[in-house]
$ cat work.cif   # mmCIF, C-alpha atoms
data_work
loop_
_atom_site.label_atom_id
_atom_site.label_comp_id
_atom_site.auth_asym_id
_atom_site.auth_seq_id
_atom_site.Cartn_x
_atom_site.Cartn_y
_atom_site.Cartn_z
CA MET A 1 96.39 65.46 6.15
CA GLY A 2 94.65 66.20 9.40
CA SER A 3 91.52 67.59 7.71
CA LEU A 4 91.36 64.68 5.33
CA SER A 5 91.44 62.18 8.17
CA GLN A 6 88.56 63.98 9.89
CA ARG A 7 86.25 63.84 6.78
CA THR A 8 86.84 60.22 6.02
CA PRO A 9 84.63 58.67 8.82
CA PHE A 10 81.77 60.96 7.85
CA ALA A 11 82.05 60.04 4.22
CA ASN A 12 82.24 56.35 5.08
CA SER A 13 79.12 56.49 7.29
CA ARG A 14 77.20 58.40 4.62
CA GLY A 15 78.07 55.82 2.03
CA ALA A 16 77.00 53.03 4.35
CA VAL A 17 73.61 54.66 4.85
CA ILE A 18 73.13 55.03 1.13
CA LEU A 19 74.12 51.42 0.59
CA LEU A 20 71.69 50.30 3.31
CA LEU A 21 68.88 52.23 1.69
CA LEU A 22 69.62 50.66 -1.67
CA ILE A 23 69.58 47.17 -0.16
CA THR A 24 66.26 47.89 1.65
CA VAL A 25 64.64 49.10 -1.58
CA LEU A 26 65.81 46.02 -3.40
CA LEU A 27 64.56 43.66 -0.69
CA THR A 28 61.17 45.42 -0.47
CA GLY A 29 60.66 45.11 -4.22
CA CYS A 30 61.56 41.44 -4.17
CA GLU A 31 59.16 40.80 -1.25
CA ALA A 32 56.29 42.58 -2.97
CA GLN A 33 56.95 40.69 -6.16
CA SER A 34 57.04 37.40 -4.19
CA GLU A 35 53.69 38.14 -2.48
CA GLU A 36 52.09 38.96 -5.81
CA SER A 37 53.35 35.76 -7.37
CA VAL A 38 52.17 33.69 -4.40
CA ALA A 39 48.78 35.36 -4.48
CA SER A 40 48.45 34.73 -8.18
CA SER A 41 49.42 31.06 -7.74
CA LEU A 42 46.75 30.29 -5.03
CA PRO A 43 43.69 28.32 -6.34
CA PRO A 44 40.30 30.04 -6.25
CA PRO A 45 37.77 29.05 -3.54
CA PRO A 46 36.08 25.74 -4.42
CA GLU A 47 32.58 25.86 -5.83
CA VAL A 48 29.89 24.19 -3.73
CA ASP A 49 26.13 23.92 -4.08
CA VAL A 50 24.18 25.50 -1.26
CA ALA A 51 20.46 25.50 -0.50
CA GLU A 52 18.53 27.87 1.68
CA ILE A 53 16.57 26.19 4.45
CA VAL A 54 12.83 26.84 4.13
CA ALA A 55 10.23 25.98 6.77
CA GLN A 56 7.32 23.99 5.34
CA PRO A 57 4.47 21.71 6.49
CA VAL A 58 5.31 18.01 6.66
CA VAL A 59 3.12 15.03 7.46
CA LEU A 60 4.96 12.45 9.57
CA SER A 61 4.21 8.79 9.05
CA GLU A 62 5.16 5.45 10.49
CA SER A 63 5.84 2.21 8.69
CA PHE A 64 3.83 -0.94 9.41
CA THR A 65 4.03 -4.46 8.07
CA GLY A 66 1.04 -6.12 6.48
CA ARG A 67 -0.18 -8.70 4.01
CA VAL A 68 -2.06 -8.53 0.74
CA GLU A 69 -5.38 -10.35 0.74
CA ALA A 70 -8.03 -10.78 -1.90
CA ALA A 71 -11.14 -8.70 -1.47
CA GLU A 72 -13.18 -11.86 -2.12
CA THR A 73 -12.07 -15.46 -1.58
CA VAL A 74 -14.25 -18.42 -2.51
CA GLU A 75 -13.72 -22.08 -1.68
CA LEU A 76 -15.66 -23.99 -4.31
CA ARG A 77 -17.31 -27.18 -3.06
CA ALA A 78 -19.69 -29.55 -4.80
CA ARG A 79 -23.35 -29.01 -3.88
CA VAL A 80 -24.37 -32.41 -5.20
CA SER A 81 -22.49 -35.68 -5.15
CA GLY A 82 -21.23 -37.26 -8.35
CA TYR A 83 -18.23 -38.05 -10.48
CA ILE A 84 -16.35 -35.18 -12.12
CA GLN A 85 -16.93 -35.40 -15.85
CA GLU A 86 -15.03 -32.30 -16.94
CA VAL A 87 -12.58 -29.73 -15.57
CA ALA A 88 -13.22 -26.74 -17.83
CA PHE A 89 -10.50 -24.27 -16.78
CA ASP A 90 -6.76 -23.79 -16.89
CA GLU A 91 -5.27 -23.79 -13.43
CA GLY A 92 -3.95 -20.43 -12.25
CA GLU A 93 -5.67 -18.46 -15.01
CA LEU A 94 -8.23 -15.67 -14.88
CA VAL A 95 -11.90 -16.63 -15.14
CA GLU A 96 -15.05 -14.59 -15.56
CA GLN A 97 -18.12 -14.71 -13.37
CA GLY A 98 -20.54 -17.40 -14.63
CA GLU A 99 -17.85 -19.33 -16.52
CA LEU A 100 -18.09 -23.13 -16.32
CA LEU A 101 -15.40 -24.65 -14.07
CA PHE A 102 -16.49 -28.24 -13.28
CA LEU A 103 -19.13 -30.53 -14.70
CA ILE A 104 -20.46 -33.41 -12.58
CA ASP A 105 -21.98 -36.34 -14.49
CA PRO A 106 -25.56 -35.05 -15.01
CA ARG A 107 -27.23 -38.30 -16.11
CA PRO A 108 -28.43 -39.47 -12.66
CA TYR A 109 -29.99 -36.08 -12.05
CA GLN A 110 -31.62 -36.00 -15.48
CA ALA A 111 -33.22 -39.36 -14.62
CA ARG A 112 -34.50 -37.95 -11.35
CA ILE A 113 -36.11 -35.10 -13.26
CA GLY A 114 -37.91 -37.63 -15.47
CA ALA A 115 -39.18 -39.48 -12.41
CA ALA A 116 -40.26 -36.26 -10.75
CA GLN A 117 -42.13 -35.19 -13.89
CA ALA A 118 -43.98 -38.51 -13.95
CA ASP A 119 -44.92 -38.17 -10.29
CA LEU A 120 -46.19 -34.69 -10.97
CA SER A 121 -48.33 -35.88 -13.91
CA GLN A 122 -49.82 -38.66 -11.79
CA ALA A 123 -50.58 -36.23 -8.97
CA LYS A 124 -52.28 -33.86 -11.39
CA SER A 125 -54.47 -36.68 -12.74
CA GLN A 126 -55.50 -37.64 -9.23
CA LEU A 127 -56.23 -33.99 -8.53
CA ALA A 128 -58.51 -33.78 -11.54
CA GLN A 129 -60.43 -36.89 -10.45
CA ALA A 130 -60.67 -35.71 -6.84
CA GLY A 131 -61.94 -32.37 -8.04
CA SER A 132 -64.71 -33.96 -10.08
CA GLU A 133 -65.79 -36.17 -7.18
CA ALA A 134 -65.80 -33.25 -4.79
CA GLU A 135 -67.95 -31.22 -7.20
CA ARG A 136 -70.49 -34.06 -7.54
CA ALA A 137 -70.60 -34.45 -3.78
CA ARG A 138 -71.40 -30.77 -3.42
CA VAL A 139 -74.27 -31.06 -5.91
CA LEU A 140 -75.63 -34.22 -4.33
CA LEU A 141 -75.41 -32.74 -0.87
CA GLY A 142 -77.55 -29.85 -2.07
CA ARG A 143 -80.19 -32.38 -3.18
CA GLN A 144 -79.68 -34.26 0.05
CA ALA A 145 -78.75 -37.34 -1.95
CA ILE A 146 -75.62 -38.02 0.13
CA SER A 147 -74.67 -37.45 3.72
CA GLN A 148 -72.52 -34.62 5.00
CA GLU A 149 -69.88 -37.13 5.98
CA VAL A 150 -69.45 -38.41 2.43
CA HIS A 151 -69.23 -34.83 1.17
CA ASP A 152 -66.52 -33.98 3.71
CA GLN A 153 -64.52 -37.10 2.80
CA ARG A 154 -64.44 -36.11 -0.86
CA GLN A 155 -63.36 -32.57 0.03
CA THR A 156 -60.56 -33.98 2.17
CA ALA A 157 -59.47 -36.21 -0.70
CA LEU A 158 -59.37 -33.15 -2.97
CA ASN A 159 -57.17 -31.26 -0.50
CA ASN A 160 -54.85 -34.26 -0.17
CA THR A 161 -54.40 -34.57 -3.92
CA ARG A 162 -53.65 -30.84 -4.12
CA ALA A 163 -50.93 -31.34 -1.53
CA MET A 164 -49.60 -34.28 -3.54
CA VAL A 165 -49.36 -32.07 -6.61
CA ASP A 166 -47.46 -29.44 -4.63
CA ALA A 167 -45.09 -32.08 -3.27
CA ALA A 168 -44.51 -33.51 -6.73
CA GLN A 169 -43.86 -30.03 -8.09
CA ALA A 170 -41.37 -29.37 -5.27
CA ALA A 171 -39.63 -32.66 -6.01
CA LEU A 172 -39.37 -31.68 -9.67
CA ASP A 173 -37.95 -28.25 -8.73
CA THR A 174 -35.39 -29.94 -6.45
CA ALA A 175 -34.36 -32.35 -9.18
CA GLU A 176 -33.95 -29.52 -11.67
CA LEU A 177 -31.91 -27.55 -9.13
CA ASP A 178 -29.68 -30.57 -8.47
CA LEU A 179 -29.17 -30.90 -12.21
CA GLU A 180 -28.19 -27.23 -12.34
CA TYR A 181 -25.69 -27.84 -9.51
CA THR A 182 -23.87 -30.36 -11.66
CA ARG A 183 -22.57 -27.34 -13.59
CA ILE A 184 -20.21 -25.55 -11.18
CA THR A 185 -19.60 -22.02 -12.41
CA ALA A 186 -17.44 -19.13 -11.14
CA PRO A 187 -19.41 -17.06 -8.60
CA ILE A 188 -17.01 -14.11 -9.07
CA SER A 189 -14.40 -12.99 -11.56
CA GLY A 190 -10.83 -13.63 -10.48
CA ARG A 191 -7.89 -16.00 -10.54
CA ILE A 192 -8.56 -19.70 -10.17
CA GLY A 193 -6.37 -22.07 -8.17
CA ARG A 194 -5.49 -25.68 -8.93
CA ALA A 195 -8.12 -28.38 -9.29
CA MET A 196 -8.25 -30.39 -6.07
CA VAL A 197 -10.57 -33.02 -7.62
CA THR A 198 -9.82 -34.05 -11.16
CA ARG A 199 -11.87 -35.81 -13.85
CA GLY A 200 -13.19 -39.24 -12.92
CA ASN A 201 -13.03 -38.70 -9.16
CA LEU A 202 -15.98 -38.57 -6.81
CA ALA A 203 -17.04 -35.23 -5.37
CA ASN A 204 -19.12 -35.41 -2.21
CA ALA A 205 -21.78 -32.77 -1.67
CA ASP A 206 -20.74 -29.96 0.71
CA GLN A 207 -17.51 -31.80 1.57
CA SER A 208 -15.13 -32.04 -1.37
CA LEU A 209 -13.10 -28.87 -1.96
CA LEU A 210 -12.84 -28.51 -5.71
CA THR A 211 -10.67 -25.38 -6.00
CA THR A 212 -10.27 -21.83 -4.70
CA LEU A 213 -11.02 -18.57 -6.47
CA VAL A 214 -9.82 -15.11 -5.48
CA SER A 215 -10.74 -11.70 -6.85
CA ILE A 216 -7.84 -9.63 -8.20
CA ASP A 217 -9.04 -6.05 -8.56
CA PRO A 218 -8.97 -4.43 -6.13
CA VAL A 219 -6.94 -6.16 -3.42
CA HIS A 220 -6.86 -5.43 0.31
CA VAL A 221 -3.80 -4.77 2.43
CA TYR A 222 -4.32 -5.55 6.12
CA PHE A 223 -1.88 -4.20 8.70
CA GLU A 224 -1.84 -3.56 12.42
CA ALA A 225 -0.62 -0.50 14.31
CA ASP A 226 0.40 -0.35 17.95
CA GLU A 227 -1.89 1.47 20.33
CA GLN A 228 0.12 4.71 20.42
CA ALA A 229 0.43 5.02 16.67
CA ALA A 230 -3.17 3.95 16.13
CA PHE A 231 -4.59 6.72 18.27
CA ALA A 232 -2.07 9.27 16.99
CA SER A 233 -3.29 8.58 13.47
CA GLN A 234 -6.91 9.33 14.38
CA THR A 235 -6.26 13.07 14.11
CA MET A 236 -4.92 12.57 10.58
CA LEU A 237 -7.51 10.09 9.33
CA VAL A 238 -10.57 12.32 9.53
CA GLY A 239 -12.92 13.81 6.99
CA ASP A 240 -14.64 12.36 3.96
CA ALA A 241 -11.63 12.64 1.66
CA PRO A 242 -9.83 9.31 0.99
CA ASN A 243 -6.73 8.82 3.12
CA ARG A 244 -3.86 7.98 0.79
CA LEU A 245 -1.20 5.54 1.96
CA THR A 246 2.12 4.56 0.40
CA ILE A 247 2.43 0.79 0.05
CA GLU A 248 5.65 -1.05 -0.85
CA LEU A 249 5.36 -4.70 -1.82
CA GLY A 250 7.91 -7.44 -1.32
CA GLY A 251 10.53 -5.07 0.08
CA ASP A 252 11.13 -3.79 -3.47
CA PRO A 253 11.38 0.04 -3.73
CA GLN A 254 10.42 -0.27 -7.40
CA ARG A 255 7.03 -1.69 -6.41
CA GLN A 256 5.53 1.25 -4.58
CA PHE A 257 1.83 1.98 -4.93
CA THR A 258 -0.73 4.37 -3.52
CA GLY A 259 -3.71 2.90 -1.71
CA ALA A 260 -6.70 4.30 0.16
CA LEU A 261 -7.57 3.49 3.77
CA ASP A 262 -11.13 2.16 3.89
CA PHE A 263 -11.49 0.27 7.18
CA ILE A 264 -10.42 0.61 10.82
CA ASP A 265 -11.39 -2.14 13.24
CA ASN A 266 -13.80 -1.28 16.04
CA ARG A 267 -11.61 -2.57 18.88
CA LEU A 268 -8.02 -3.24 19.87
CA ASN A 269 -6.74 -6.77 19.89
CA PRO A 270 -6.37 -7.52 23.63
CA ASN A 271 -3.65 -10.12 22.98
CA THR A 272 -1.34 -7.89 20.92
CA GLY A 273 -2.48 -4.38 21.86
CA THR A 274 -2.81 -3.47 18.18
CA LEU A 275 -5.56 -2.06 16.00
CA GLN A 276 -6.23 -3.46 12.54
CA PHE A 277 -6.37 -1.23 9.46
CA ARG A 278 -7.19 -2.04 5.85
CA ALA A 279 -6.17 -0.30 2.64
CA VAL A 280 -7.62 -0.79 -0.83
CA LEU A 281 -5.13 -1.13 -3.67
CA ALA A 282 -6.01 -1.11 -7.36
CA ASN A 283 -4.73 -4.14 -9.27
CA PRO A 284 -6.08 -3.93 -12.84
CA ASP A 285 -3.31 -6.03 -14.37
CA GLY A 286 -3.43 -8.72 -11.69
CA HIS A 287 0.29 -8.55 -10.92
CA ILE A 288 -0.29 -8.18 -7.18
CA ARG A 289 -1.00 -11.54 -5.59
CA PRO A 290 -2.70 -12.29 -2.27
CA GLY A 291 -0.23 -13.27 0.44
CA GLU A 292 2.47 -10.79 -0.57
CA PHE A 293 4.40 -8.98 2.16
CA ALA A 294 3.69 -5.23 2.33
CA ARG A 295 5.08 -2.17 4.10
CA VAL A 296 2.54 0.58 4.66
CA GLU A 297 3.37 4.21 5.43
CA MET A 298 0.50 5.72 7.44
CA PRO A 299 0.40 9.38 8.57
CA VAL A 300 0.46 9.85 12.34
CA ALA A 301 1.32 13.55 12.86
CA ARG A 302 1.80 16.88 11.09
CA LEU A 303 4.56 19.48 11.49
CA GLU A 304 3.52 22.92 10.33
CA GLN A 305 7.07 24.38 10.28
CA ALA A 306 9.60 21.65 9.49
CA LEU A 307 13.19 22.32 8.38
CA LEU A 308 14.38 19.93 5.67
CA VAL A 309 17.87 19.42 4.30
CA ASP A 310 19.29 17.08 1.67
CA GLN A 311 20.55 13.83 3.17
CA LYS A 312 23.92 14.29 1.46
CA ALA A 313 24.49 17.46 3.47
CA VAL A 314 24.38 15.64 6.81
CA LEU A 315 27.78 14.31 7.90
CA THR A 316 28.57 12.02 10.82
CA ASN A 317 31.37 12.16 13.35
CA GLN A 318 31.00 9.13 15.58
CA ASP A 319 27.54 9.63 17.12
CA ARG A 320 27.26 13.31 16.20
CA ARG A 321 25.79 14.75 13.05
CA TYR A 322 26.66 18.08 11.52
CA VAL A 323 26.34 20.19 8.37
CA TYR A 324 28.35 23.04 6.86
CA VAL A 325 26.61 26.42 6.81
CA ILE A 326 27.84 29.34 4.66
CA ASP A 327 27.98 32.74 6.39
CA GLU A 328 27.79 36.19 4.78
CA SER A 329 31.54 36.14 4.02
CA ASN A 330 31.19 32.79 2.19
CA LEU A 331 33.07 31.00 4.95
CA ALA A 332 32.08 27.43 5.81
CA GLU A 333 30.90 27.02 9.37
CA ARG A 334 30.46 23.62 10.96
CA ARG A 335 27.03 23.31 12.64
CA GLN A 336 26.02 20.38 14.84
CA VAL A 337 22.42 19.29 14.22
CA THR A 338 19.81 16.89 15.55
CA THR A 339 18.03 14.93 12.83
CA GLY A 340 14.52 13.56 12.73
CA ARG A 341 12.62 11.52 10.18
CA GLN A 342 13.39 11.01 6.51
CA VAL A 343 11.28 12.70 3.83
CA ALA A 344 12.12 11.16 0.47
CA GLU A 345 15.76 12.32 -0.08
CA GLN A 346 15.66 14.87 2.71
CA THR A 347 16.05 14.81 6.48
CA VAL A 348 14.03 16.71 9.05
CA ILE A 349 16.31 18.87 11.23
CA THR A 350 14.89 19.32 14.71
CA GLU A 351 17.78 21.33 16.23
CA GLY A 352 20.82 23.24 14.97
CA LEU A 353 19.45 25.11 11.95
CA ASN A 354 17.17 28.06 11.33
CA ALA A 355 15.05 29.05 8.38
CA GLY A 356 17.17 31.03 5.94
CA ASP A 357 20.46 29.25 6.72
CA ARG A 358 22.51 28.32 3.65
CA VAL A 359 23.68 24.71 3.83
CA ILE A 360 26.19 22.98 1.55
CA VAL A 361 24.31 20.16 -0.15
CA ASN A 362 26.84 19.21 -2.85
CA GLY A 363 30.64 19.45 -2.79
CA VAL A 364 30.96 19.17 0.97
CA GLN A 365 34.05 16.99 0.41
CA LYS A 366 35.84 20.11 -0.87
CA VAL A 367 35.63 21.72 2.56
CA PHE A 368 38.73 20.59 4.47
CA MET A 369 38.16 22.58 7.66
CA PRO A 370 35.76 25.07 9.25
CA GLY A 371 36.36 28.69 8.26
CA MET A 372 37.44 27.80 4.74
CA GLU A 373 36.28 30.18 2.02
CA VAL A 374 34.07 28.69 -0.69
CA SER A 375 32.27 29.87 -3.80
CA PRO A 376 28.58 29.08 -3.17
CA GLN A 377 26.24 28.21 -6.04
CA GLN A 378 22.59 28.56 -5.05
CA VAL A 379 20.31 25.58 -5.80
CA VAL A 380 16.67 24.87 -5.02
CA ASP A 381 16.63 22.09 -2.45
CA ALA A 382 13.22 22.41 -0.83
CA PRO A 383 9.74 23.01 -2.26
CA PRO A 384 8.00 26.31 -1.53
CA VAL A 385 6.18 26.78 1.75
CA ASN A 386 2.76 26.44 0.13
CA ALA A 387 3.57 23.07 -1.42
CA GLN A 388 1.52 20.00 -0.56
CA PRO A 389 2.65 18.29 2.66
CA THR A 390 5.07 15.41 2.27
CA ILE A 391 4.85 11.99 3.89
CA ALA A 392 7.85 11.43 6.15
CA ALA A 393 9.11 7.98 7.07
CA ARG A 394 9.74 6.64 10.53
CA GLU A 395 12.86 8.09 12.15
CA ASP A 396 15.94 5.88 11.88
#
$ encode --input "work.cif" --output "C-alpha cells"
Amino acid sequence: MGSLSQRTPFANSRGAVILLLLITVLLTGCEAQSEESVASSLPPPPEVDVAEIVAQPVVLSESFTGRVEAAETVELRARVSGYIQEVAFDEGELVEQGELLFLIDPRPYQARIGAAQADLSQAKSQLAQAGSEAERARVLLGRQAISQEVHDQRQTALNNTRAMVDAAQAALDTAELDLEYTRITAPISGRIGRAMVTRGNLANADQSLLTTLVSIDPVHVYFEADEQAAFASQTMLVGDAPNRLTIELGGDPQRQFTGALDFIDNRLNPNTGTLQFRAVLANPDGHIRPGEFARVEMPVARLEQALLVDQKAVLTNQDRRYVYVIDESNLAERRQVTTGRQVAEQTVITEGLNAGDRVIVNGVQKVFMPGMEVSPQQVVDAPPVNAQPTIAARED
C-alpha cells in the first residue's frame, strides 16, 4: 500500500502532461486551420490604372476675350440722287461681287446723256468752222491780205472751240458715269444686310445709307492682351511660320477652331495698357458671323520638362491637392502636389512628383487609406517626350 501511494502522484502528473500536450496540438491545428480559412476569404487587392509620369515639352498659353469682325465691311451709299426703282437682293443672303443690288430710276440721267451728246455735237461743229477760218487766216496772212491781229483772233477762236469740245466731252462722260451709278452693285462678295431704303423712296447722293455688306471668308478675330502677357508672347510669336491659335466661339466648347495670328498693333493702348492682336479664321461655310464673342488661347511661355497627370488623379482635401503614387511593393502612397495649368484633360504638376512616378489615374476611389495594397494596371497617360508641344490653358 505504501509503494502504491508513492507512485500515484507521479502517474497523475505524467497523465496531466500528456493531456496538456494533446490539448495544445489540437488548439494549434485549429488555429492554423482558422488562419488559412481567413486568408482564403480575404478579397484580392483592387485593380487600379496607373500611369508613369513622363517629362515633356509644353507650351503655356493664356486665354483672352475678343470679337469676330469681318475682314471687309462696306456701307453702301447712293452716289447719285434719285428714287429707288428696284431692290434686287434678298436681305441677309450671300451676294457675289458685281451683282446688282439697287437700281435708281435711270431716266433723268439718260436724258442728261442725250443733252450732253447734243452739246458735244454742237461744239464739234463750231470746232470745224473755227478750224477752217483759222486755216484761211493763216493763208491770207502769208499773202499779207489780212492783219496779224485778225489772224490771232481766229486762232484764239479755234482754241476756244477746242476747249468747248473738251468740256462737252467731259460733260458727256460725267452723265454716262452718273447713269452707271444708278446701278448699285456689290463691291465685294459677302453677306448683305437689310435694305435701309426701299423701292419708291428717295436716295440722296453720298448721304443715304442703302445697306451694309460684309465679307465672310475669312473673318478676323480681334483681342487684346495685357502688357505682361503681350510681351511674354513675343518670344513665342517669332519666325516666319504661322502662329496657330485656338479660338472658341460663343462659349461653346463644340465650336473650337484653329486660327493664325497675322497682326500685332504697333503700340500699347495708353488708356487700357493692352496691346491689340488679330487672328485670321477660315469661314468657308459662312457659319461664323461678325460680332460673335470669342475666347482666344495664345501661347505665352514654354516648359521644356513639364510633368503632366490626368485630372482625375488629382484629389482635393480642403485647399490641398494630392495624388496616390504606387511604390515598388504596390502600396498606395499619398503624395501632396502643387498643380499648375490645364493641358486638355491633364494637369501640370509643379511640385510633389518626379519623372518615373506611377500615379493612380483610374480607380482611386478603391483606395481607402494610404499604405493599402493594390493591383496596378499600366496605362499610357502621357505622350512620348518627342511629341509635339501642347497648348496649356491659363491656370485656374
$ resolve_selection --input "work.cif" --expression "the PyMOL selection byres ((chain A and resi 124) around 12)" --output "PDB file with C-alpha atoms, keeping the file's coordinate frame"
ATOM      1  CA  GLN A 117     -42.130 -35.190 -13.890  1.00  0.00           C
ATOM      2  CA  ALA A 118     -43.980 -38.510 -13.950  1.00  0.00           C
ATOM      3  CA  ASP A 119     -44.920 -38.170 -10.290  1.00  0.00           C
ATOM      4  CA  LEU A 120     -46.190 -34.690 -10.970  1.00  0.00           C
ATOM      5  CA  SER A 121     -48.330 -35.880 -13.910  1.00  0.00           C
ATOM      6  CA  GLN A 122     -49.820 -38.660 -11.790  1.00  0.00           C
ATOM      7  CA  ALA A 123     -50.580 -36.230  -8.970  1.00  0.00           C
ATOM      8  CA  SER A 125     -54.470 -36.680 -12.740  1.00  0.00           C
ATOM      9  CA  GLN A 126     -55.500 -37.640  -9.230  1.00  0.00           C
ATOM     10  CA  LEU A 127     -56.230 -33.990  -8.530  1.00  0.00           C
ATOM     11  CA  ALA A 128     -58.510 -33.780 -11.540  1.00  0.00           C
ATOM     12  CA  GLN A 129     -60.430 -36.890 -10.450  1.00  0.00           C
ATOM     13  CA  ALA A 130     -60.670 -35.710  -6.840  1.00  0.00           C
ATOM     14  CA  GLY A 131     -61.940 -32.370  -8.040  1.00  0.00           C
ATOM     15  CA  LEU A 158     -59.370 -33.150  -2.970  1.00  0.00           C
ATOM     16  CA  ASN A 160     -54.850 -34.260  -0.170  1.00  0.00           C
ATOM     17  CA  THR A 161     -54.400 -34.570  -3.920  1.00  0.00           C
ATOM     18  CA  ARG A 162     -53.650 -30.840  -4.120  1.00  0.00           C
ATOM     19  CA  ALA A 163     -50.930 -31.340  -1.530  1.00  0.00           C
ATOM     20  CA  MET A 164     -49.600 -34.280  -3.540  1.00  0.00           C
ATOM     21  CA  VAL A 165     -49.360 -32.070  -6.610  1.00  0.00           C
ATOM     22  CA  ASP A 166     -47.460 -29.440  -4.630  1.00  0.00           C
ATOM     23  CA  ALA A 167     -45.090 -32.080  -3.270  1.00  0.00           C
ATOM     24  CA  ALA A 168     -44.510 -33.510  -6.730  1.00  0.00           C
ATOM     25  CA  GLN A 169     -43.860 -30.030  -8.090  1.00  0.00           C
TER      26      GLN A 169
END
$ resolve_selection --input "work.cif" --expression "the PyMOL selection byres ((chain A and resi 138) around 12)" --output "short mmCIF file (atom, residue, chain, number, x, y, z; two decimals) with C-alpha atoms, in the frame of the given file"
data_model
loop_
_atom_site.label_atom_id
_atom_site.label_comp_id
_atom_site.auth_asym_id
_atom_site.auth_seq_id
_atom_site.Cartn_x
_atom_site.Cartn_y
_atom_site.Cartn_z
CA GLY A 131 -61.94 -32.37 -8.04
CA SER A 132 -64.71 -33.96 -10.08
CA GLU A 133 -65.79 -36.17 -7.18
CA ALA A 134 -65.80 -33.25 -4.79
CA GLU A 135 -67.95 -31.22 -7.20
CA ARG A 136 -70.49 -34.06 -7.54
CA ALA A 137 -70.60 -34.45 -3.78
CA VAL A 139 -74.27 -31.06 -5.91
CA LEU A 140 -75.63 -34.22 -4.33
CA LEU A 141 -75.41 -32.74 -0.87
CA GLY A 142 -77.55 -29.85 -2.07
CA ARG A 143 -80.19 -32.38 -3.18
CA GLN A 144 -79.68 -34.26 0.05
CA ALA A 145 -78.75 -37.34 -1.95
CA ILE A 146 -75.62 -38.02 0.13
CA SER A 147 -74.67 -37.45 3.72
CA GLN A 148 -72.52 -34.62 5.00
CA GLU A 149 -69.88 -37.13 5.98
CA VAL A 150 -69.45 -38.41 2.43
CA HIS A 151 -69.23 -34.83 1.17
CA ASP A 152 -66.52 -33.98 3.71
CA GLN A 153 -64.52 -37.10 2.80
CA ARG A 154 -64.44 -36.11 -0.86
CA GLN A 155 -63.36 -32.57 0.03
#
$ residues_around --input "work.cif" --residues "Asp178 of chain A" --least-positions-apart "3" --cutoff "10 Å" --atoms "all atoms listed in the file" --output "list in words"
Arg79, Val80, Ser81, Pro106, Pro108, Tyr109, Gln110, Arg112, Ile113, Leu172, Asp173, Thr174, Ala175, Tyr181, Thr182 and Arg183 of chain A
$ atom_distance --input "work.cif" --atom1 "atom CA of Asn201 of chain A" --atom2 "atom CA of Gln97 of chain A"
24.9 Å
$ resolve_selection --input "work.cif" --expression "the PyMOL selection byres ((chain A and resi 215) around 6)" --output "PyMOL selection string"
chain A and resi 70+72+190+214+216
$ closest_residue --input "work.cif" --among "A:Val348, A:Val314, A:Ala355, A:Val58" --to "Arg335 of chain A" --atoms "all atoms listed in the file"
A:Val314
$ atom_distance --input "work.cif" --atom1 "atom CA of Phe368 of chain A" --atom2 "atom CA of Ile349 of chain A"
23.5 Å
$ closest_residue --input "work.cif" --among "A:Glu304, A:Glu62, A:Glu86, A:Asp357" --to "Glu224 of chain A" --atoms "all atoms listed in the file"
A:Glu62
$ residues_around --input "work.cif" --residues "Leu353 of chain A" --least-positions-apart "2" --cutoff "12 Å" --atoms "only C-alpha atoms" --output "ChimeraX atom specification"
/A:52-55,306-309,314,322-326,333-339,348-351,355-359
$ residues_around --input "work.cif" --residues "Val48 of chain A" --least-positions-apart "5" --cutoff "6 Å" --atoms "only C-alpha atoms" --output "list in words"
Asn362, Gly363, Pro376 and Gln377 of chain A
$ residues_near_point --input "work.cif" --point "(5.3, -1.2, -2.2)" --cutoff "12 Å" --atoms "all atoms listed in the file" --output "PDB file with C-alpha atoms, keeping the file's coordinate frame"
ATOM      1  CA  SER A  63       5.840   2.210   8.690  1.00  0.00           C
ATOM      2  CA  PHE A  64       3.830  -0.940   9.410  1.00  0.00           C
ATOM      3  CA  THR A  65       4.030  -4.460   8.070  1.00  0.00           C
ATOM      4  CA  GLY A  66       1.040  -6.120   6.480  1.00  0.00           C
ATOM      5  CA  ARG A  67      -0.180  -8.700   4.010  1.00  0.00           C
ATOM      6  CA  VAL A  68      -2.060  -8.530   0.740  1.00  0.00           C
ATOM      7  CA  VAL A 221      -3.800  -4.770   2.430  1.00  0.00           C
ATOM      8  CA  LEU A 245      -1.200   5.540   1.960  1.00  0.00           C
ATOM      9  CA  THR A 246       2.120   4.560   0.400  1.00  0.00           C
ATOM     10  CA  ILE A 247       2.430   0.790   0.050  1.00  0.00           C
ATOM     11  CA  GLU A 248       5.650  -1.050  -0.850  1.00  0.00           C
ATOM     12  CA  LEU A 249       5.360  -4.700  -1.820  1.00  0.00           C
ATOM     13  CA  GLY A 250       7.910  -7.440  -1.320  1.00  0.00           C
ATOM     14  CA  GLY A 251      10.530  -5.070   0.080  1.00  0.00           C
ATOM     15  CA  ASP A 252      11.130  -3.790  -3.470  1.00  0.00           C
ATOM     16  CA  PRO A 253      11.380   0.040  -3.730  1.00  0.00           C
ATOM     17  CA  GLN A 254      10.420  -0.270  -7.400  1.00  0.00           C
ATOM     18  CA  ARG A 255       7.030  -1.690  -6.410  1.00  0.00           C
ATOM     19  CA  GLN A 256       5.530   1.250  -4.580  1.00  0.00           C
ATOM     20  CA  PHE A 257       1.830   1.980  -4.930  1.00  0.00           C
ATOM     21  CA  THR A 258      -0.730   4.370  -3.520  1.00  0.00           C
ATOM     22  CA  GLY A 259      -3.710   2.900  -1.710  1.00  0.00           C
ATOM     23  CA  LEU A 281      -5.130  -1.130  -3.670  1.00  0.00           C
ATOM     24  CA  ILE A 288      -0.290  -8.180  -7.180  1.00  0.00           C
ATOM     25  CA  GLU A 292       2.470 -10.790  -0.570  1.00  0.00           C
ATOM     26  CA  PHE A 293       4.400  -8.980   2.160  1.00  0.00           C
ATOM     27  CA  ALA A 294       3.690  -5.230   2.330  1.00  0.00           C
ATOM     28  CA  ARG A 295       5.080  -2.170   4.100  1.00  0.00           C
ATOM     29  CA  VAL A 296       2.540   0.580   4.660  1.00  0.00           C
ATOM     30  CA  GLU A 297       3.370   4.210   5.430  1.00  0.00           C
TER      31      GLU A 297
END
$ atom_distance --input "work.cif" --atom1 "atom CA of Ile104 of chain A" --atom2 "atom CA of Ile84 of chain A"
4.5 Å
$ residues_near_point --input "work.cif" --point "(-1.8, -14.4, -7.8)" --cutoff "8 Å" --atoms "only C-alpha atoms" --output "PyMOL selection string"
chain A and resi 92+191+216+286-290
